[in-house]
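Visitor: Okay, so here is input14.cif, and as you'll see once you scroll down, it has mmCIF, C-alpha atoms.
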```cif
data_data
#
loop_
_atom_site.label_atom_id
_atom_site.label_comp_id
_atom_site.auth_asym_id
_atom_site.auth_seq_id
_atom_site.Cartn_x
_atom_site.Cartn_y
_atom_site.Cartn_z
CA MET A 1 -17.08 -46.55 -45.79
CA SER A 2 -15.36 -45.89 -49.07
CA LEU A 3 -13.54 -42.61 -49.41
CA ALA A 4 -11.97 -41.14 -52.51
CA ALA A 5 -9.75 -38.09 -52.27
CA THR A 6 -7.54 -35.88 -54.41
CA ARG A 7 -4.77 -33.94 -52.74
CA CYS A 8 -2.18 -31.37 -53.67
CA PRO A 9 1.28 -31.52 -52.03
CA ALA A 10 1.41 -30.99 -48.29
CA ARG A 11 4.02 -29.88 -45.83
CA THR A 12 4.59 -30.85 -42.25
CA ILE A 13 4.49 -28.21 -39.54
CA GLY A 14 5.25 -30.30 -36.51
CA ALA A 15 2.24 -32.57 -36.42
CA PRO A 16 -0.20 -33.25 -37.97
CA ARG A 17 0.28 -33.07 -41.75
CA LEU A 18 -1.26 -29.85 -43.02
CA PRO A 19 -2.49 -28.54 -46.36
CA ILE A 20 -0.50 -25.76 -48.00
CA GLY A 21 -3.21 -23.70 -49.65
CA PRO A 22 -6.70 -23.31 -51.11
CA ASP A 23 -8.33 -26.03 -53.19
CA CYS A 24 -5.96 -28.70 -51.94
CA LEU A 25 -8.49 -31.33 -51.04
CA SER A 26 -11.82 -32.59 -52.24
CA TYR A 27 -13.65 -35.62 -50.93
CA THR A 28 -16.46 -37.81 -52.10
CA ALA A 29 -17.66 -40.46 -49.70
CA ASP A 30 -20.08 -43.35 -49.84
CA VAL A 31 -21.26 -44.74 -46.53
CA PRO A 32 -23.39 -47.83 -47.26
CA GLY A 33 -25.37 -48.46 -44.09
CA GLY A 34 -24.07 -48.26 -40.57
CA ARG A 35 -23.48 -45.12 -38.58
CA ASN A 36 -20.56 -42.81 -39.20
CA ARG A 37 -18.88 -42.09 -35.91
CA VAL A 38 -18.54 -38.42 -36.87
CA ALA A 39 -19.51 -36.30 -39.85
CA VAL A 40 -16.78 -33.70 -39.58
CA GLN A 41 -17.14 -30.35 -41.27
CA ILE A 42 -19.92 -29.44 -43.61
CA GLY A 43 -19.61 -26.04 -45.21
CA PRO A 44 -17.37 -24.09 -47.60
CA PRO A 45 -13.69 -24.33 -48.63
CA ILE A 46 -11.91 -23.99 -45.30
CA PRO A 47 -13.42 -27.25 -43.98
CA ALA A 48 -13.08 -28.84 -47.41
CA GLN A 49 -9.30 -28.38 -47.43
CA GLY A 50 -8.73 -30.06 -44.08
CA LEU A 51 -7.13 -33.50 -43.83
CA TRP A 52 -9.69 -34.58 -41.25
CA ASP A 53 -9.32 -38.31 -41.82
CA GLU A 54 -5.61 -38.04 -41.02
CA TRP A 55 -5.99 -35.70 -38.05
CA PHE A 56 -8.76 -37.74 -36.39
CA PRO A 57 -8.61 -41.27 -37.86
CA GLU A 58 -10.21 -42.83 -34.79
CA LEU A 59 -13.43 -40.92 -35.55
CA ARG A 60 -13.85 -42.00 -39.18
CA PRO A 61 -14.64 -38.43 -40.28
CA VAL A 62 -16.52 -37.66 -43.46
CA ASN A 63 -15.59 -34.32 -45.01
CA ARG A 64 -18.57 -32.65 -46.70
CA GLY A 65 -17.07 -29.20 -47.22
CA ILE A 66 -17.29 -27.76 -50.75
CA GLY A 67 -15.47 -24.65 -51.89
CA GLY A 68 -17.63 -21.57 -52.44
CA ASN A 69 -20.69 -22.91 -50.64
CA THR A 70 -23.16 -20.54 -49.05
CA ILE A 71 -25.77 -21.52 -46.49
CA GLY A 72 -28.29 -21.84 -49.32
CA ASP A 73 -25.96 -24.14 -51.25
CA LEU A 74 -25.51 -26.38 -48.24
CA PHE A 75 -29.23 -26.37 -47.54
CA GLY A 76 -29.82 -27.60 -51.08
CA ARG A 77 -27.45 -30.56 -50.73
CA LEU A 78 -28.18 -31.46 -47.13
CA ASP A 79 -29.71 -34.82 -48.00
CA THR A 80 -26.41 -35.95 -49.49
CA ALA A 81 -24.15 -34.09 -47.05
CA ILE A 82 -25.50 -35.87 -43.96
CA ASP A 83 -26.04 -39.63 -43.83
CA ASN A 84 -26.81 -40.95 -40.34
CA PRO A 85 -23.92 -39.16 -38.57
CA ALA A 86 -22.91 -39.54 -34.95
CA ALA A 87 -22.17 -35.80 -34.81
CA VAL A 88 -22.08 -32.81 -37.14
CA PHE A 89 -19.60 -29.93 -37.11
CA LEU A 90 -20.88 -26.92 -39.04
CA LEU A 91 -18.86 -23.95 -40.28
CA ILE A 92 -20.50 -21.68 -42.85
CA GLY A 93 -21.46 -18.08 -43.51
CA THR A 94 -18.36 -16.24 -44.69
CA ASN A 95 -19.27 -16.66 -48.37
CA ASP A 96 -22.73 -15.26 -47.67
CA LEU A 97 -21.09 -12.11 -46.28
CA SER A 98 -18.86 -11.93 -49.37
CA LEU A 99 -21.99 -11.81 -51.52
CA GLY A 100 -23.18 -8.77 -49.57
CA HIS A 101 -25.91 -10.53 -47.62
CA SER A 102 -26.88 -8.72 -44.45
CA VAL A 103 -26.07 -10.19 -41.05
CA GLY A 104 -29.80 -10.52 -40.42
CA ARG A 105 -30.34 -12.52 -43.60
CA VAL A 106 -27.37 -14.81 -42.96
CA ALA A 107 -28.52 -15.43 -39.39
CA SER A 108 -32.05 -16.22 -40.59
CA ASP A 109 -30.72 -18.65 -43.18
CA MET A 110 -28.49 -20.23 -40.56
CA ARG A 111 -31.44 -20.72 -38.21
CA ARG A 112 -33.29 -22.60 -40.95
CA LEU A 113 -30.21 -24.70 -41.74
CA VAL A 114 -29.65 -25.66 -38.10
CA ALA A 115 -33.31 -26.66 -37.81
CA ALA A 116 -33.05 -28.76 -40.98
CA ILE A 117 -29.94 -30.53 -39.68
CA GLY A 118 -31.80 -31.28 -36.46
CA ASP A 119 -34.69 -32.74 -38.44
CA ARG A 120 -32.40 -34.89 -40.59
CA ALA A 121 -30.09 -36.04 -37.77
CA PRO A 122 -32.10 -35.64 -34.54
CA ASP A 123 -29.84 -37.92 -32.48
CA ALA A 124 -26.55 -36.36 -33.62
CA PRO A 125 -24.95 -33.64 -31.51
CA LEU A 126 -24.51 -30.48 -33.55
CA PHE A 127 -21.46 -28.25 -33.11
CA VAL A 128 -21.87 -24.77 -34.61
CA GLN A 129 -18.54 -23.05 -35.18
CA SER A 130 -18.16 -19.30 -35.33
CA VAL A 131 -17.32 -17.69 -38.64
CA MET A 132 -13.57 -17.27 -38.72
CA PRO A 133 -11.96 -13.83 -38.90
CA ARG A 134 -10.76 -12.61 -42.28
CA ARG A 135 -9.66 -9.10 -43.31
CA ALA A 136 -10.34 -6.56 -40.60
CA ARG A 137 -12.97 -4.71 -42.65
CA PHE A 138 -15.27 -7.69 -42.10
CA ALA A 139 -14.71 -7.75 -38.34
CA ASP A 140 -17.85 -5.92 -37.20
CA ARG A 141 -20.17 -7.95 -39.43
CA ILE A 142 -18.56 -11.23 -38.44
CA SER A 143 -18.73 -10.31 -34.76
CA ASP A 144 -22.45 -9.51 -35.07
CA LEU A 145 -23.05 -12.72 -37.01
CA ASN A 146 -21.19 -14.82 -34.46
CA ASN A 147 -23.27 -13.33 -31.67
CA ALA A 148 -26.35 -14.45 -33.59
CA TYR A 149 -24.82 -17.90 -34.17
CA GLY A 150 -24.27 -18.33 -30.44
CA LYS A 151 -27.95 -17.61 -29.81
CA ILE A 152 -29.07 -19.91 -32.63
CA ALA A 153 -26.95 -22.75 -31.25
CA ALA A 154 -28.32 -22.26 -27.75
CA GLU A 155 -31.92 -22.23 -28.99
CA ALA A 156 -31.32 -25.46 -30.91
CA GLY A 157 -29.54 -27.24 -28.07
CA ALA A 158 -26.32 -27.26 -30.11
CA VAL A 159 -22.79 -26.55 -28.91
CA TYR A 160 -21.30 -23.24 -30.03
CA ILE A 161 -17.54 -23.22 -30.65
CA ASP A 162 -15.98 -19.75 -30.66
CA LEU A 163 -12.89 -19.83 -32.87
CA TRP A 164 -12.35 -16.07 -32.75
CA PRO A 165 -9.96 -15.90 -29.74
CA SER A 166 -7.63 -18.43 -31.35
CA LEU A 167 -7.45 -16.83 -34.79
CA ALA A 168 -8.16 -13.08 -34.61
CA ASP A 169 -5.64 -10.28 -34.21
CA SER A 170 -6.22 -7.09 -32.22
CA ASP A 171 -7.96 -5.41 -35.20
CA GLY A 172 -10.37 -8.30 -35.70
CA GLY A 173 -8.60 -9.65 -38.76
CA LEU A 174 -7.23 -13.13 -39.33
CA ARG A 175 -3.76 -13.19 -37.80
CA SER A 176 -1.10 -12.85 -40.47
CA GLU A 177 0.82 -15.92 -39.31
CA PHE A 178 -2.28 -18.04 -40.01
CA THR A 179 -2.99 -16.92 -43.60
CA ARG A 180 -1.41 -15.81 -46.85
CA ASP A 181 -4.41 -14.03 -48.33
CA GLY A 182 -6.41 -12.76 -45.36
CA LEU A 183 -9.12 -15.38 -45.84
CA HIS A 184 -7.88 -18.96 -46.21
CA LEU A 185 -5.92 -20.67 -43.47
CA SER A 186 -2.28 -21.59 -43.85
CA GLY A 187 -0.87 -24.78 -42.35
CA ALA A 188 -0.22 -22.95 -39.09
CA GLY A 189 -3.82 -21.73 -39.08
CA TYR A 190 -5.16 -25.24 -39.54
CA ALA A 191 -3.00 -26.42 -36.63
CA VAL A 192 -4.60 -23.82 -34.35
CA TRP A 193 -8.07 -24.76 -35.58
CA VAL A 194 -7.46 -28.46 -34.99
CA ASP A 195 -6.30 -27.70 -31.45
CA ALA A 196 -9.46 -25.66 -30.83
CA LEU A 197 -11.68 -28.53 -32.02
CA ARG A 198 -9.79 -31.34 -30.31
CA PRO A 199 -11.53 -31.05 -26.90
CA TYR A 200 -14.93 -31.39 -28.58
CA LEU A 201 -13.89 -34.21 -30.89
CA SER A 202 -12.21 -36.13 -28.07
CA GLN A 203 -15.60 -36.48 -26.41
CA LEU A 204 -16.77 -38.54 -29.39
CA ALA A 205 -13.86 -40.98 -29.62
#
```
Let's see the structure in the file written out as structure tokens.

Guide:
Amino acid sequence: MSLAATRCPARTIGAPRLPIGPDCLSYTADVPGGRNRVAVQIGPPIPAQGLWDEWFPELRPVNRGIGGNTIGDLFGRLDTAIDNPAAVFLLIGTNDLSLGHSVGRVASDMRRLVAAIGDRAPDAPLFVQSVMPRRARFADRISDLNNAYGKIAAEAGAVYIDLWPSLADSDGGLRSEFTRDGLHLSGAGYAVWVDALRPYLSQLA
């Protein structure tokens, strides 16, 4: 696998090394033949900014997150986002809500996307992550969407990962110590997310 990356400066908060803000990382990857051990994170900017190859080097992760992506955007690039993966971790939907799409529409689009991933990578376990909390005014819609995601994952035989308990405050917003803008994760937020994913990723090592 060849992997090209551009990074902005990073800081260390304990371990591992963590990004400091939005738009810090973009990846392009070429995987000529063979099977990736894990295709980690396809979706919008929060996955895209993660240093997944450094956090989980034993899994040879491929980061396919792109800033600003909606479910429709990801659906349109699925053939290039997934190339014979051993597993797929999916996090998407918050940008769809930002565009004013209804929970019902986002859930319907997500159901189609999950089915398409299953068709393209039938032997790869799929891990569907809940939409992360953001400002509290989004809390009810995100909660309803995550309930739908849990059902979609179960219907598809995928694993649903609920990130809400690790990241949300009592009002349903993203905890202030994990963000600077109420939407994107800070280094501390990424550390919590990595810890939440570690039990699932460790099964694939």

Visitor: In Å to one decimal, how far is CA of Asn95 (chain A) from CA of Thr70 (chain A)?

Guide: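 Result for CA of Thr70 (chain A) versus CA of Asn95 (chain A): 5.5 Å, one decimal.
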
Visitor: Using only C-alpha atoms, find the one residue out of A:Leu78, A:Ala124, A:Val62, A:Ala115 that sits nearest to Leu204 (chain A).

Guide: A:Ala124

Visitor: At a cut-off of 12 Å, using all atoms listed in the file, what residues contact Arg175 (chain A)? Leave out same-chain residues fewer than 2 positions from it and give the result as a VMD selection string.

Guide: chain A and resid 132 to 136 164 to 173 177 to 186 188 to 189 192

Visitor: Residues within 9 Å of (-24.5, -15.3, -35.1), file coordinates, counting all atoms listed in the file: what are they? Give the list as an MDAnalysis selection string.

Guide: chainID A and resid 103:104 106:107 110 130:131 142:153

Visitor: In terms of the shortest atom-to-atom distance over all atoms listed in the file, which of A:Val88, A:Ala191, A:Ile161, A:Ala205 is closest to Arg120 (chain A)?

Guide: A:Val88

Visitor: How many Å lie between CA of Arg77 (chain A) and CA of Ala116 (chain A), rounded to one decimal?

Guide: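 Distance reported for this atom pair: 11.4 Å.
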
Visitor: So the first atom is CA of Gln203 (chain A) and the second is CA of Gly65 (chain A); what is the distance between them in Å, to one decimal place?

Guide: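 So the answer is 22.1 Å.
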
Visitor: Extract, using all atoms listed in the file, all DNA, RNA and protein residues at most 12 Å from Gly76 (chain A), discarding same-chain residues fewer than 5 positions from it, and format them as a VMD selection string.

Guide: chain A and resid 43 69 to 71 81 to 82 109 112 to 113 116 to 117

Visitor: Would you mind exporting C-alpha atoms of the selected residues as a PDB file, keeping the file's coordinate frame?

Guide:
```
ATOM      1  CA  GLY A  43     -19.610 -26.040 -45.210  1.00  0.00           C
ATOM      2  CA  ASN A  69     -20.690 -22.910 -50.640  1.00  0.00           C
ATOM      3  CA  THR A  70     -23.160 -20.540 -49.050  1.00  0.00           C
ATOM      4  CA  ILE A  71     -25.770 -21.520 -46.490  1.00  0.00           C
ATOM      5  CA  ALA A  81     -24.150 -34.090 -47.050  1.00  0.00           C
ATOM      6  CA  ILE A  82     -25.500 -35.870 -43.960  1.00  0.00           C
ATOM      7  CA  ASP A 109     -30.720 -18.650 -43.180  1.00  0.00           C
ATOM      8  CA  ARG A 112     -33.290 -22.600 -40.950  1.00  0.00           C
ATOM      9  CA  LEU A 113     -30.210 -24.700 -41.740  1.00  0.00           C
ATOM     10  CA  ALA A 116     -33.050 -28.760 -40.980  1.00  0.00           C
ATOM     11  CA  ILE A 117     -29.940 -30.530 -39.680  1.00  0.00           C
TER      12      ILE A 117
END
```

Visitor: Using all atoms listed in the file for the distances, tell me which of A:Ala139, A:Ala121, A:Leu197, A:Ile92 is nearest to Leu163 (chain A).

Guide: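 Smallest separation from Leu163 (chain A) among the options: A:Leu197.
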